[in-house]
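Asks: Quick one, upload.cif (mmCIF, C-alpha atoms):
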```
data_model
#
loop_
_atom_site.label_atom_id
_atom_site.label_comp_id
_atom_site.auth_asym_id
_atom_site.auth_seq_id
_atom_site.Cartn_x
_atom_site.Cartn_y
_atom_site.Cartn_z
CA MET A 1 -0.69 19.07 -8.62
CA SER A 2 1.89 20.37 -6.21
CA PHE A 3 3.49 19.78 -2.86
CA LEU A 4 5.38 21.88 -0.33
CA TRP A 5 9.09 21.83 0.42
CA LYS A 6 10.29 23.18 3.74
CA SER A 7 12.79 25.96 3.25
CA SER A 8 15.81 26.41 5.47
CA ASN A 9 14.11 29.21 7.39
CA GLY A 10 11.18 26.99 8.36
CA GLY A 11 8.80 28.33 5.74
CA THR A 12 7.52 26.49 2.70
CA THR A 13 7.96 26.86 -1.01
CA GLU A 14 5.72 25.25 -3.56
CA LYS A 15 6.96 22.95 -6.29
CA THR A 16 4.76 21.72 -9.12
CA LEU A 17 5.10 18.28 -10.66
CA THR A 18 4.23 17.81 -14.31
CA LEU A 19 2.16 14.82 -15.36
CA GLU A 20 5.34 13.23 -16.68
CA GLU A 21 7.10 13.72 -13.32
CA GLN A 22 4.13 12.25 -11.49
CA GLN A 23 4.18 9.19 -13.74
CA GLU A 24 7.90 8.77 -13.09
CA LYS A 25 7.19 8.71 -9.36
CA ILE A 26 4.42 6.16 -9.87
CA ASN A 27 6.73 3.93 -11.89
CA GLU A 28 9.44 4.21 -9.23
CA VAL A 29 6.97 3.06 -6.57
CA ARG A 30 5.80 0.14 -8.72
CA LYS A 31 9.39 -1.11 -8.94
CA GLN A 32 9.41 -1.35 -5.14
CA LEU A 33 6.28 -3.52 -5.00
CA GLU A 34 5.82 -7.27 -5.26
CA GLU A 35 3.47 -8.89 -7.75
CA PRO A 36 -0.19 -8.46 -6.67
CA SER A 37 -1.40 -11.47 -4.69
CA SER A 38 -4.94 -11.22 -6.08
CA LEU A 39 -7.00 -9.42 -8.70
CA ALA A 40 -8.48 -7.27 -5.90
CA ILE A 41 -4.99 -6.08 -4.92
CA GLN A 42 -4.09 -5.53 -8.57
CA GLY A 43 -7.17 -3.31 -8.89
CA PHE A 44 -6.19 -1.44 -5.73
CA LEU A 45 -2.76 -0.63 -7.15
CA SER A 46 -4.04 1.82 -9.73
CA ASP A 47 -2.08 4.93 -10.69
CA ALA A 48 -4.64 7.05 -8.83
CA SER A 49 -4.16 5.00 -5.67
CA ILE A 50 -0.37 5.20 -5.83
CA LEU A 51 -0.63 8.96 -6.33
CA ARG A 52 -2.58 9.28 -3.08
CA PHE A 53 0.16 7.44 -1.18
CA LEU A 54 2.81 9.61 -2.84
CA ARG A 55 0.97 12.80 -1.86
CA ALA A 56 0.55 11.51 1.68
CA ARG A 57 4.33 11.17 1.93
CA ASN A 58 5.23 14.36 0.06
CA TRP A 59 6.32 12.42 -3.03
CA ASN A 60 9.04 10.52 -1.18
CA VAL A 61 9.21 7.23 -3.09
CA GLN A 62 10.75 5.17 -0.28
CA LYS A 63 8.27 6.36 2.36
CA SER A 64 5.34 6.01 -0.05
CA SER A 65 6.37 2.48 -1.01
CA LYS A 66 6.68 1.43 2.62
CA MET A 67 3.26 2.89 3.41
CA LEU A 68 1.69 1.26 0.36
CA LYS A 69 3.19 -2.15 1.15
CA SER A 70 1.64 -2.00 4.62
CA ALA A 71 -1.74 -1.04 3.16
CA VAL A 72 -1.55 -3.88 0.62
CA LYS A 73 -0.70 -6.35 3.39
CA TRP A 74 -3.66 -5.06 5.42
CA ARG A 75 -6.09 -5.29 2.48
CA ALA A 76 -4.91 -8.80 1.59
CA ALA A 77 -5.60 -9.99 5.15
CA TYR A 78 -8.68 -7.88 5.98
CA LYS A 79 -10.36 -8.05 2.52
CA PRO A 80 -12.45 -4.88 3.05
CA GLU A 81 -14.10 -5.19 -0.35
CA MET A 82 -15.63 -8.52 0.75
CA ILE A 83 -17.47 -7.23 3.83
CA SER A 84 -21.23 -7.49 3.30
CA TRP A 85 -24.17 -5.71 4.89
CA GLU A 86 -25.30 -8.91 6.61
CA GLU A 87 -22.01 -9.04 8.52
CA ILE A 88 -22.31 -5.57 10.02
CA ALA A 89 -26.06 -4.80 9.91
CA HIS A 90 -26.34 -4.92 13.71
CA GLU A 91 -23.72 -2.19 13.99
CA ALA A 92 -25.85 0.18 11.90
CA GLU A 93 -29.12 -0.09 13.81
CA THR A 94 -28.83 3.22 15.69
CA GLY A 95 -27.47 5.26 12.78
CA LYS A 96 -24.08 5.79 14.42
CA ILE A 97 -22.44 5.80 10.96
CA TYR A 98 -24.21 6.25 7.65
CA ARG A 99 -23.70 7.79 4.24
CA ALA A 100 -25.81 10.91 3.79
CA ASP A 101 -28.17 11.12 0.82
CA TYR A 102 -26.55 14.42 -0.21
CA LYS A 103 -23.04 15.59 -1.07
CA ASP A 104 -21.21 18.80 -0.31
CA LYS A 105 -20.83 21.63 -2.84
CA LEU A 106 -17.69 19.99 -4.24
CA GLY A 107 -19.51 16.73 -4.86
CA ARG A 108 -17.81 14.88 -2.02
CA THR A 109 -19.54 11.93 -0.36
CA VAL A 110 -20.64 12.71 3.21
CA LEU A 111 -20.29 10.22 6.06
CA VAL A 112 -22.28 11.06 9.18
CA LEU A 113 -20.84 9.72 12.44
CA ARG A 114 -22.74 9.90 15.74
CA PRO A 115 -20.50 8.34 18.42
CA GLY A 116 -23.10 9.12 21.08
CA LEU A 117 -25.29 6.43 19.49
CA GLU A 118 -22.74 3.63 19.97
CA ASN A 119 -24.68 0.38 20.41
CA THR A 120 -22.01 -2.33 20.61
CA THR A 121 -18.95 -3.10 22.70
CA SER A 122 -16.72 -4.98 20.27
CA GLY A 123 -14.02 -2.65 18.98
CA LYS A 124 -13.23 -5.18 16.25
CA GLU A 125 -16.80 -5.09 14.91
CA GLN A 126 -16.97 -1.30 15.20
CA ILE A 127 -13.86 -0.93 13.05
CA LYS A 128 -15.27 -3.46 10.59
CA TYR A 129 -18.40 -1.35 10.15
CA LEU A 130 -16.29 1.78 9.72
CA VAL A 131 -14.23 0.07 7.01
CA TYR A 132 -17.40 -1.12 5.29
CA SER A 133 -18.75 2.44 5.35
CA LEU A 134 -15.49 3.82 3.96
CA GLU A 135 -15.48 1.32 1.09
CA LYS A 136 -19.07 2.16 0.15
CA ALA A 137 -18.42 5.91 0.44
CA ILE A 138 -15.46 5.59 -1.92
CA MET A 139 -17.50 3.47 -4.33
CA ASN A 140 -20.07 6.28 -4.53
CA LEU A 141 -17.57 9.05 -5.26
CA THR A 142 -17.90 10.67 -8.66
CA ASP A 143 -15.10 10.19 -11.18
CA ASP A 144 -13.80 13.72 -10.60
CA GLN A 145 -13.69 13.44 -6.80
CA GLU A 146 -11.59 11.20 -4.53
CA LYS A 147 -12.17 12.73 -1.10
CA MET A 148 -15.04 12.54 1.38
CA VAL A 149 -16.41 14.65 4.23
CA TRP A 150 -16.92 13.35 7.76
CA MET A 151 -19.69 14.99 9.81
CA ILE A 152 -19.32 14.02 13.46
CA ASP A 153 -22.34 14.85 15.63
CA PHE A 154 -21.52 14.88 19.34
CA GLN A 155 -25.05 14.81 20.71
CA GLY A 156 -25.12 12.29 23.55
CA TRP A 157 -21.35 11.78 23.46
CA THR A 158 -19.44 10.92 26.64
CA MET A 159 -15.85 9.86 27.26
CA GLY A 160 -17.13 6.28 27.47
CA SER A 161 -18.71 6.47 23.99
CA THR A 162 -15.38 6.27 22.21
CA PRO A 163 -12.67 4.12 23.84
CA LEU A 164 -9.20 5.49 23.15
CA LYS A 165 -8.08 2.17 21.67
CA VAL A 166 -10.86 2.24 19.05
CA THR A 167 -10.17 5.91 18.32
CA ARG A 168 -6.47 5.21 17.74
CA GLU A 169 -7.29 2.31 15.43
CA THR A 170 -9.80 4.47 13.54
CA VAL A 171 -7.13 7.11 12.97
CA SER A 172 -4.61 4.45 11.94
CA VAL A 173 -6.96 2.84 9.40
CA LEU A 174 -7.93 6.19 7.88
CA GLN A 175 -4.40 7.59 7.64
CA ASP A 176 -2.45 4.45 6.80
CA CYS A 177 -4.90 2.54 4.60
CA TYR A 178 -7.01 5.33 3.09
CA PRO A 179 -4.59 8.27 2.71
CA GLU A 180 -5.80 11.40 0.96
CA ARG A 181 -9.41 10.23 1.19
CA LEU A 182 -10.47 12.69 3.88
CA GLY A 183 -11.25 16.14 2.54
CA LEU A 184 -12.82 17.62 5.66
CA ALA A 185 -13.86 16.47 9.14
CA ILE A 186 -16.48 18.62 10.89
CA LEU A 187 -16.79 18.15 14.65
CA TYR A 188 -20.28 19.45 15.38
CA ASN A 189 -21.07 20.74 18.87
CA PRO A 190 -18.30 18.85 20.71
CA PRO A 191 -18.73 19.29 24.50
CA ARG A 192 -16.07 20.99 26.55
CA LEU A 193 -15.04 17.59 27.87
CA PHE A 194 -14.10 16.56 24.34
CA GLU A 195 -11.36 19.20 24.23
CA SER A 196 -9.38 17.17 26.76
CA PHE A 197 -10.03 13.99 24.79
CA TYR A 198 -8.92 15.66 21.54
CA LYS A 199 -5.64 16.73 23.14
CA ILE A 200 -4.94 13.05 23.74
CA VAL A 201 -5.94 12.04 20.21
CA LYS A 202 -4.32 14.88 18.26
CA PRO A 203 -0.73 13.55 18.55
CA PHE A 204 -1.89 10.48 16.60
CA LEU A 205 -3.01 12.66 13.70
CA ASP A 206 -0.52 13.63 11.05
CA HIS A 207 -0.22 17.32 10.27
CA GLU A 208 -2.25 17.20 7.05
CA THR A 209 -5.11 15.31 8.71
CA SER A 210 -5.30 17.66 11.68
CA LYS A 211 -5.55 20.64 9.30
CA LYS A 212 -8.75 19.13 7.88
CA VAL A 213 -10.51 19.07 11.26
CA LYS A 214 -12.98 21.92 11.89
CA PHE A 215 -14.84 22.59 15.12
CA VAL A 216 -18.36 23.91 14.48
CA TYR A 217 -20.89 25.08 17.08
CA SER A 218 -24.58 25.68 16.44
CA ASN A 219 -24.57 28.78 18.66
CA ASP A 220 -21.57 30.37 16.96
CA LYS A 221 -22.35 32.38 13.83
CA GLU A 222 -18.76 32.40 12.62
CA SER A 223 -18.33 28.64 12.73
CA GLN A 224 -21.78 28.16 11.22
CA LYS A 225 -20.51 29.95 8.11
CA ILE A 226 -18.37 26.87 7.51
CA MET A 227 -21.56 24.85 7.03
CA ALA A 228 -23.03 27.36 4.58
CA ASP A 229 -19.77 27.48 2.63
CA VAL A 230 -19.49 23.69 2.39
CA PHE A 231 -23.13 22.57 2.02
CA ASP A 232 -26.37 23.44 0.28
CA MET A 233 -28.42 24.31 3.38
CA ASP A 234 -31.62 23.00 1.77
CA LYS A 235 -30.04 19.54 1.58
CA LEU A 236 -28.10 19.57 4.86
CA ASP A 237 -29.63 17.73 7.86
CA SER A 238 -31.53 19.97 10.26
CA ALA A 239 -29.41 18.39 13.02
CA PHE A 240 -26.44 20.24 11.49
CA GLY A 241 -28.25 23.54 10.99
CA GLY A 242 -29.66 22.74 7.55
CA ARG A 243 -33.25 22.72 6.31
CA ASN A 244 -33.53 19.01 5.45
CA LEU A 245 -35.88 17.40 7.99
CA ALA A 246 -35.24 13.84 6.87
CA THR A 247 -33.70 11.54 9.48
CA PHE A 248 -31.88 8.20 9.45
CA GLU A 249 -34.26 5.31 8.79
CA TYR A 250 -32.68 1.91 9.30
CA SER A 251 -34.80 -0.25 7.01
CA SER A 252 -34.47 2.02 3.98
CA TYR A 253 -30.73 2.44 4.62
CA ALA A 254 -30.36 -1.34 4.82
CA GLU A 255 -31.94 -1.71 1.38
CA GLN A 256 -29.64 0.98 0.01
CA MET A 257 -26.57 -0.79 1.38
CA LYS A 258 -27.68 -4.15 -0.01
CA GLU A 259 -27.91 -2.50 -3.42
CA ASP A 260 -24.41 -1.09 -2.91
CA ASP A 261 -23.18 -4.61 -2.10
CA LYS A 262 -24.61 -5.84 -5.41
CA LYS A 263 -22.95 -2.97 -7.28
CA MET A 264 -19.59 -3.69 -5.69
CA GLN A 265 -19.89 -7.40 -6.49
CA SER A 266 -20.82 -6.53 -10.06
CA ASN A 267 -17.90 -4.09 -10.35
CA ASP A 268 -15.49 -6.66 -8.91
CA ALA A 269 -16.73 -9.35 -11.29
CA ALA A 270 -16.34 -7.03 -14.28
CA SER A 271 -12.88 -5.99 -13.08
CA ASP A 272 -11.85 -9.62 -12.59
CA ALA A 273 -13.08 -10.60 -16.06
CA SER A 274 -11.29 -7.65 -17.63
CA SER A 275 -8.06 -8.44 -15.78
CA GLU A 276 -8.16 -12.10 -16.79
CA ALA A 277 -8.90 -11.24 -20.41
CA SER A 278 -6.06 -8.71 -20.44
CA PHE A 279 -3.70 -11.24 -18.89
CA TYR A 280 -4.44 -13.97 -21.41
CA SER A 281 -4.36 -11.57 -24.36
CA GLY A 282 -1.09 -10.09 -23.15
CA THR A 283 -2.39 -6.55 -23.64
CA ASP A 284 -2.22 -5.46 -20.01
CA SER A 285 0.54 -7.20 -18.15
CA PRO A 286 0.24 -6.84 -14.37
CA LYS A 287 4.01 -6.43 -14.03
CA HIS A 288 4.91 -3.35 -12.02
CA GLY A 289 7.36 -1.96 -14.49
CA ASP A 290 4.85 -1.17 -17.22
CA GLY A 291 2.60 0.96 -14.97
CA GLU A 292 -0.64 -0.17 -16.64
CA HIS A 293 -2.93 -1.31 -13.86
CA GLY A 294 -6.67 -0.87 -13.83
CA ALA A 295 -8.25 2.36 -12.65
CA LYS A 296 -10.47 0.94 -9.93
CA LYS A 297 -10.75 3.34 -7.01
CA ALA A 298 -8.83 2.51 -3.87
#
```
Take the structure in the file and write it out as structure tokens.
Replies:
Amino acid sequence: MSFLWKSSNGGTTEKTLTLEEQQEKINEVRKQLEEPSSLAIQGFLSDASILRFLRARNWNVQKSSKMLKSAVKWRAAYKPEMISWEEIAHEAETGKIYRADYKDKLGRTVLVLRPGLENTTSGKEQIKYLVYSLEKAIMNLTDDQEKMVWMIDFQGWTMGSTPLKVTRETVSVLQDCYPERLGLAILYNPPRLFESFYKIVKPFLDHETSKKVKFVYSNDKESQKIMADVFDMDKLDSAFGGRNLATFEYSSYAEQMKEDDKKMQSNDAASDASSEASFYSGTDSPKHGDGEHGAKKA
């Protein structure tokens, strides 16, 4: 694992951190944190989670700690892990956000977003469904992968489809509460009008996030190569140039999400039982100084 230092001439030089150095950084961040307010927060504060916040702030302990504290405060109030399908089912009816039944070549979970299919007007509920989708996407990541891919289909999109306020909050949630979770964002066939909209949104994106955004057009052979490089074309939706003719089907997706809810509840219950047992046995103290929190994904 490495990060980039800016050199005095404006360029960058790479520095590599050993596992021991990474652990030192993690321990330094833990010293800045308060005791977890719940078992869910304790699970969130895993070494892997802290590492993502450190990478997002170029290993600066003070900046990482500040960012992490804000995320913990948000999770404690919002309780994203508690959102159920029944609460947001109406938001999913048109297929405006769903987890694809395939992954990219790196094994990353794929979230499909179709803002042109927006079916509600409450920004609060729209963000709630996005958060629910993020939590379930993360839950379905393999052990060797912590990032996801966003596929944004602009068919039917207009300036009115995505209010700027909701867009800004989406960016804020993703960057501030789920750092280092986005591996790639593909904007598929954005209309010319979107270029003006993107110029307004781009200043809200940090540099690392904006580098992950790729514009892809179905009539451009060069940009289409991105799709072939990232995906197995036999599995990719035909809407994105692939050969998979399957489409979003609400009822089957609803059943899939209900099963995911059960899995998350089961995982949380097992995590809670393990944490309580560890606490009473004294084998896994939740104090920040010892750096031995559970490995539940953030």
Asks: Take atom CA of A:Leu117 and atom CA of A:Lys262 and report the distance between them in Å, one decimal.
Replies: 27.8 Å
Asks: Which is closest to A:Val173 among A:Leu130, A:Phe231, A:Glu28, A:Lys105, if we use only C-alpha atoms?
Replies: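 Comparing A:Leu130, A:Phe231, A:Glu28, A:Lys105 against A:Val173, the winner is A:Leu130.
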Asks: On this structure, which residues satisfy the PyMOL selection byres ((chain A and resi 92) around 12), written as a PyMOL selection string?
Replies: chain A and resi 85-91+93-99+112-115+117-120+125-126+128-130+132-133+248-254+257
Asks: Would you write out, as CSV, a table of all residues in stretch 222-267 of chain A that have an atom no more than 10 Å from an atom of stretch 66-83 of chain A, listing for each the closest atom pair and the distance in Å to one decimal, considering all atoms listed in the file and ordering rows by chain and rising residue number?
Replies:
```
residue,atom,partner,partner_atom,distance
A:Asp261,CA,A:Ile83,CA,8.6
A:Met264,CA,A:Glu81,CA,7.8
A:Gln265,CA,A:Met82,CA,8.5
```
Asks: So what do you get for atom CA of A:Leu182 versus atom CA of A:Glu146, distance-wise?
Replies: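 Distance between the two atoms: 8.6 Å.
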Asks: Tell me, in Å to one decimal, how far atom CA of A:Met227 is from atom CA of A:Gln256.
Replies: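 Between atom CA of A:Met227 and atom CA of A:Gln256 the gap works out to 26.2 Å.
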Asks: Could you list, as an NGL selection string, every residue matched by the PyMOL selection byres ((chain A and resi 162) around 12) in this structure?
Replies: :A and (96 or 113-123 or 126-127 or 154 or 156-161 or 163-170 or 194 or 197-198 or 201)
Asks: Output C-alpha atoms of each residue in that selection to a file, as a PDB file, in the coordinates of the input.
Replies:
```pdb
ATOM      1  CA  LYS A  96     -24.080   5.790  14.420  1.00  0.00           C
ATOM      2  CA  LEU A 113     -20.840   9.720  12.440  1.00  0.00           C
ATOM      3  CA  ARG A 114     -22.740   9.900  15.740  1.00  0.00           C
ATOM      4  CA  PRO A 115     -20.500   8.340  18.420  1.00  0.00           C
ATOM      5  CA  GLY A 116     -23.100   9.120  21.080  1.00  0.00           C
ATOM      6  CA  LEU A 117     -25.290   6.430  19.490  1.00  0.00           C
ATOM      7  CA  GLU A 118     -22.740   3.630  19.970  1.00  0.00           C
ATOM      8  CA  ASN A 119     -24.680   0.380  20.410  1.00  0.00           C
ATOM      9  CA  THR A 120     -22.010  -2.330  20.610  1.00  0.00           C
ATOM     10  CA  THR A 121     -18.950  -3.100  22.700  1.00  0.00           C
ATOM     11  CA  SER A 122     -16.720  -4.980  20.270  1.00  0.00           C
ATOM     12  CA  GLY A 123     -14.020  -2.650  18.980  1.00  0.00           C
ATOM     13  CA  GLN A 126     -16.970  -1.300  15.200  1.00  0.00           C
ATOM     14  CA  ILE A 127     -13.860  -0.930  13.050  1.00  0.00           C
ATOM     15  CA  PHE A 154     -21.520  14.880  19.340  1.00  0.00           C
ATOM     16  CA  GLY A 156     -25.120  12.290  23.550  1.00  0.00           C
ATOM     17  CA  TRP A 157     -21.350  11.780  23.460  1.00  0.00           C
ATOM     18  CA  THR A 158     -19.440  10.920  26.640  1.00  0.00           C
ATOM     19  CA  MET A 159     -15.850   9.860  27.260  1.00  0.00           C
ATOM     20  CA  GLY A 160     -17.130   6.280  27.470  1.00  0.00           C
ATOM     21  CA  SER A 161     -18.710   6.470  23.990  1.00  0.00           C
ATOM     22  CA  PRO A 163     -12.670   4.120  23.840  1.00  0.00           C
ATOM     23  CA  LEU A 164      -9.200   5.490  23.150  1.00  0.00           C
ATOM     24  CA  LYS A 165      -8.080   2.170  21.670  1.00  0.00           C
ATOM     25  CA  VAL A 166     -10.860   2.240  19.050  1.00  0.00           C
ATOM     26  CA  THR A 167     -10.170   5.910  18.320  1.00  0.00           C
ATOM     27  CA  ARG A 168      -6.470   5.210  17.740  1.00  0.00           C
ATOM     28  CA  GLU A 169      -7.290   2.310  15.430  1.00  0.00           C
ATOM     29  CA  THR A 170      -9.800   4.470  13.540  1.00  0.00           C
ATOM     30  CA  PHE A 194     -14.100  16.560  24.340  1.00  0.00           C
ATOM     31  CA  PHE A 197     -10.030  13.990  24.790  1.00  0.00           C
ATOM     32  CA  TYR A 198      -8.920  15.660  21.540  1.00  0.00           C
ATOM     33  CA  VAL A 201      -5.940  12.040  20.210  1.00  0.00           C
TER      34      VAL A 201
END
```
Asks: My list of candidates is A:Asp47, A:Glu222, A:Glu35, A:Asp260. Which is closest to A:Gln23 when distances are computed with only C-alpha atoms?
Replies: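 Of A:Asp47, A:Glu222, A:Glu35, A:Asp260, the one nearest A:Gln23 is A:Asp47, counting only C-alpha atoms.
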Asks: If the PyMOL selection byres ((chain A and resi 180) around 10) is run on the structure shown, which residues does it catch, given as an MDAnalysis selection string?
Replies: chainID A and resid 49 51:56 146:148 174:179 181:183 208:209
